[in-house]
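Raw contents of final-v6.txt, compact mmCIF, C-alpha atoms:
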# COMPACT_ATOMS: atom_id res chain seq x y z
CA MET A 23 119.80 -122.80 -69.59
CA ARG A 24 120.41 -126.54 -69.33
CA ARG A 25 118.77 -128.74 -71.99
CA SER A 26 118.35 -131.78 -69.74
CA THR A 27 118.85 -132.83 -66.13
CA ARG A 28 122.29 -134.03 -65.07
CA LEU A 29 122.73 -137.09 -62.90
CA ARG A 30 125.78 -138.00 -60.84
CA VAL A 31 126.85 -141.56 -61.55
CA GLU A 32 129.83 -143.87 -61.59
CA ILE A 33 129.99 -145.77 -64.88
CA PRO A 34 133.30 -147.39 -65.94
CA VAL A 35 133.85 -146.95 -69.69
CA SER A 36 136.54 -147.12 -72.30
CA VAL A 37 137.21 -143.84 -74.15
CA THR A 38 139.07 -143.68 -77.48
CA SER A 39 139.96 -140.67 -79.63
CA LEU A 40 138.63 -140.87 -83.19
CA ASP A 41 141.26 -138.36 -84.35
CA ARG A 42 144.52 -140.12 -85.25
CA MET A 43 146.38 -136.82 -84.83
CA ARG A 44 145.26 -136.75 -81.16
CA PRO A 45 145.74 -140.35 -79.95
CA PHE A 46 144.00 -141.30 -76.71
CA ALA A 47 142.65 -144.57 -75.29
CA GLU A 48 141.94 -145.02 -71.59
CA GLN A 49 139.65 -146.73 -69.09
CA CYS A 50 137.74 -143.85 -67.49
CA MET A 51 134.94 -143.25 -64.99
CA VAL A 52 131.88 -141.31 -66.14
CA LEU A 53 130.83 -139.07 -63.24
CA VAL A 54 128.03 -136.94 -64.71
CA VAL A 55 125.48 -137.81 -67.42
CA SER A 56 122.65 -136.09 -69.24
CA ALA A 57 120.67 -136.80 -72.40
CA GLN A 58 123.14 -134.67 -74.39
CA GLY A 59 126.50 -135.55 -72.86
CA CYS A 60 128.67 -136.61 -69.98
CA GLY A 61 131.67 -135.77 -67.88
CA PHE A 62 134.34 -138.39 -67.29
CA ARG A 63 137.48 -138.45 -65.17
CA SER A 64 140.75 -138.96 -67.04
CA SER A 65 144.45 -138.93 -66.25
CA ARG A 66 145.08 -136.86 -69.40
CA ALA A 67 143.75 -133.57 -70.70
CA LEU A 68 142.07 -133.71 -74.10
CA GLN A 69 141.98 -130.94 -76.67
CA LEU A 70 138.61 -129.27 -77.28
CA GLU A 71 136.64 -130.57 -80.27
CA THR A 72 138.45 -133.95 -80.26
CA PRO A 73 135.99 -136.59 -81.50
CA VAL A 74 135.77 -139.55 -79.10
CA MET A 75 134.04 -142.91 -78.83
CA ILE A 76 132.77 -144.08 -75.45
CA ASN A 77 132.58 -147.89 -75.30
CA ASP A 78 131.45 -150.47 -72.75
CA LEU A 79 128.25 -148.65 -71.81
CA PRO A 80 126.00 -150.48 -69.32
CA ALA A 81 123.81 -151.93 -72.10
CA GLY A 82 126.93 -153.03 -73.99
CA GLY A 83 126.86 -150.34 -76.65
CA SER A 84 128.93 -147.33 -77.56
CA VAL A 85 128.33 -143.68 -78.37
CA THR A 86 130.34 -140.93 -80.07
CA GLY A 87 130.74 -137.26 -79.29
CA ARG A 88 133.21 -134.40 -79.12
CA VAL A 89 135.22 -132.93 -76.25
CA ALA A 90 133.39 -129.77 -75.19
CA ASN A 91 135.34 -128.98 -72.02
CA CYS A 92 138.42 -130.07 -70.09
CA LEU A 93 138.87 -129.00 -66.46
CA PRO A 94 141.63 -129.98 -64.02
CA LEU A 95 140.44 -131.76 -60.88
CA GLY A 96 142.57 -130.42 -58.05
CA SER A 97 145.81 -128.50 -58.39
CA ASP A 98 148.24 -131.38 -59.01
CA GLY A 99 147.40 -131.79 -62.73
CA LYS A 100 146.93 -135.56 -62.41
CA GLN A 101 143.17 -135.78 -63.03
CA PHE A 102 140.85 -134.00 -65.46
CA LEU A 103 137.09 -133.79 -65.90
CA ILE A 104 136.42 -134.11 -69.63
CA GLY A 105 133.03 -132.87 -70.84
CA VAL A 106 131.69 -134.61 -73.94
CA ALA A 107 128.79 -133.44 -76.11
CA LEU A 108 127.18 -136.53 -77.64
CA TYR A 109 126.29 -136.74 -81.32
CA THR A 110 123.33 -139.02 -80.44
CA HIS A 111 121.09 -137.78 -77.64
CA GLY A 112 119.02 -139.82 -75.23
CA ASN A 113 119.39 -142.35 -72.43
CA VAL A 114 122.48 -144.10 -73.78
CA TRP A 115 123.57 -144.57 -70.14
CA GLY A 116 120.92 -147.15 -69.27
CA ILE A 117 119.45 -145.09 -66.42
CA ALA A 118 116.24 -146.68 -65.11
CA ASN A 119 113.48 -144.07 -64.87
CA PRO A 120 115.45 -141.19 -66.44
CA PRO A 121 114.28 -137.60 -65.87
CA GLU A 122 111.29 -136.56 -68.01
CA ASP A 123 113.31 -133.96 -69.91
CA TRP A 124 115.54 -136.76 -71.27
CA ASN A 125 112.55 -138.07 -73.24
CA VAL A 126 111.97 -134.65 -74.81
CA ALA A 127 115.60 -134.53 -75.94
CA ALA A 128 115.44 -138.10 -77.25
CA LYS A 129 112.40 -137.38 -79.47
CA ASN A 130 114.48 -135.01 -81.56
CA ASP A 131 117.53 -137.30 -81.62
CA PRO A 132 116.32 -140.90 -81.28
CA VAL A 133 118.59 -143.73 -80.21
CA ALA A 134 117.98 -147.43 -80.68
CA PRO A 135 115.34 -148.57 -78.18
CA GLN A 136 116.48 -150.98 -75.47
CA THR A 137 114.68 -154.14 -74.56
CA LYS A 138 113.22 -154.25 -71.04
CA ALA A 139 115.75 -156.93 -70.06
CA ALA A 140 118.70 -154.83 -71.31
CA ALA A 141 117.36 -151.76 -69.51
CA ALA A 142 116.96 -153.70 -66.26
CA ALA A 143 120.45 -155.19 -66.54
CA SER A 144 122.01 -151.79 -67.22
CA ALA A 145 120.07 -150.13 -64.38
CA ALA A 146 121.58 -152.62 -61.95
CA LYS A 147 125.11 -151.55 -62.99
CA VAL A 148 124.59 -147.77 -62.77
CA THR A 149 124.95 -146.18 -59.33
CA VAL A 150 123.75 -142.60 -58.91
CA GLN A 151 125.93 -140.68 -56.43
CA LYS A 152 124.82 -137.61 -54.51
CA LYS A 153 126.99 -135.25 -52.50
CA ALA A 154 130.18 -137.18 -53.34
CA TRP A 155 133.50 -135.73 -54.49
CA PRO A 156 134.03 -133.91 -56.86
CA TYR A 157 130.44 -132.69 -56.79
CA ASN A 158 130.39 -131.66 -53.14
CA VAL A 159 132.72 -128.77 -54.01
CA PHE A 160 129.80 -127.03 -55.73
CA ALA A 161 126.92 -125.33 -53.95
CA GLN A 162 123.58 -126.98 -54.68
CA GLY A 163 122.51 -125.99 -58.21
CA ALA A 164 125.75 -124.11 -58.92
CA GLU A 165 127.56 -126.72 -61.02
CA ALA A 166 129.30 -125.38 -64.08
CA PRO A 167 127.58 -126.66 -67.24
CA LEU A 168 129.58 -128.89 -69.56
CA GLY A 169 130.75 -127.15 -72.68
CA ARG A 170 131.11 -123.74 -71.06
CA LYS A 171 134.01 -122.11 -69.30

Just give me the structure of the file as structure tokens.
Amino acid sequence: MRRSTRLRVEIPVSVTSLDRMRPFAEQCMVLVVSAQGCGFRSSRALQLETPVMINDLPAGGSVTGRVANCLPLGSDGKQFLIGVALYTHGNVWGIANPPEDWNVAAKNDPVAPQTKAAAAASAAKVTVQKKAWPYNVFAQGAEAPLGRK
């Protein structure tokens, strides 16, 4: 059972590994977000449990988490969908009018509240995508949850 609703988005971010034994730093595109995590497209596979920092969020902040899943996109091995479980839950993505279940998740794991101006500015940058690749390869409601194989 999913803990919070997932939204399809396109948010450019900078992702950096926090494990010096597993170096990684890349400009990536977040494609799926929820109150507990995200999925971003990368040109490299990342090892499970690698701690990462996601910078350049729409409101200008950053968030940390761990790699929960890594799936190849296509058969050429050039793109990967990296699932990240966030250490801090809530609307770190700056989504205007987030799903109600995001607020329930945020009560248990609060994040710094945004000002109305910051929330409005971040909402203008975030574009929710529906029925766009790579999501159109899944039947409606049949997406594989992040963190599970």

- What gap, in Å, lies between atom CA of A:Arg28 and atom CA of A:Glu122?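 Interatomic distance, atom CA of A:Arg28 to atom CA of A:Glu122: 11.7 Å.
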
- Task: Pick out the closest residue to A:Thr72 from this set: A:Leu103, A:Cys60, A:Cys92, A:Leu40. Count all atoms listed in the file.
- Result: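 When distances to A:Thr72 are compared using all atoms listed in the file, the smallest one comes from A:Leu40.
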
- Interatomic distance, atom CA of A:Arg30 to atom CA of A:Ala47 (Å, one decimal): 23.2 Å

- Item | Coordinates-based distance that separates atom CA of A:Ser39 from atom CA of A:Asn125 (Å, one decimal) |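 Straight-line distance from atom CA of A:Asn125 to atom CA of A:Ser39 works out to 28.3 Å.
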
- Query: Taking into account only C-alpha atoms, which residue in the set A:Thr86, A:Ser65, A:Asn119, A:Thr38 is nearest to A:Lys100?
  - Reply: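 Checking each of A:Thr86, A:Ser65, A:Asn119, A:Thr38 against A:Lys100, counting only C-alpha atoms, the winner is A:Ser65.
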
- Compute the distance from (126.0, -138.3, -72.2) to each atom, counting only C-alpha atoms, keep the residues with any atom at most 8 Å away, and return them as a PyMOL selection string; use the coordinates of the file. chain A and resi 54-61+106-108+111-115

- Message: Calculated over only C-alpha atoms, which of the candidates A:Pro34, A:Arg25, A:Arg66, A:Gln49 has the smallest distance to A:Leu95?
- Response: A:Arg66

- Up to 9 Å from (131.1, -146.9, -70.7) in the file's coordinates: name the residues, counting only C-alpha atoms, as a PyMOL selection string. chain A and resi 33-37+49-52+76-85+115

- Pick from A:Gly105, A:Val74, A:Asn91, A:Phe62, whichever lies nearest to A:Asp41 using all atoms listed in the file: A:Val74
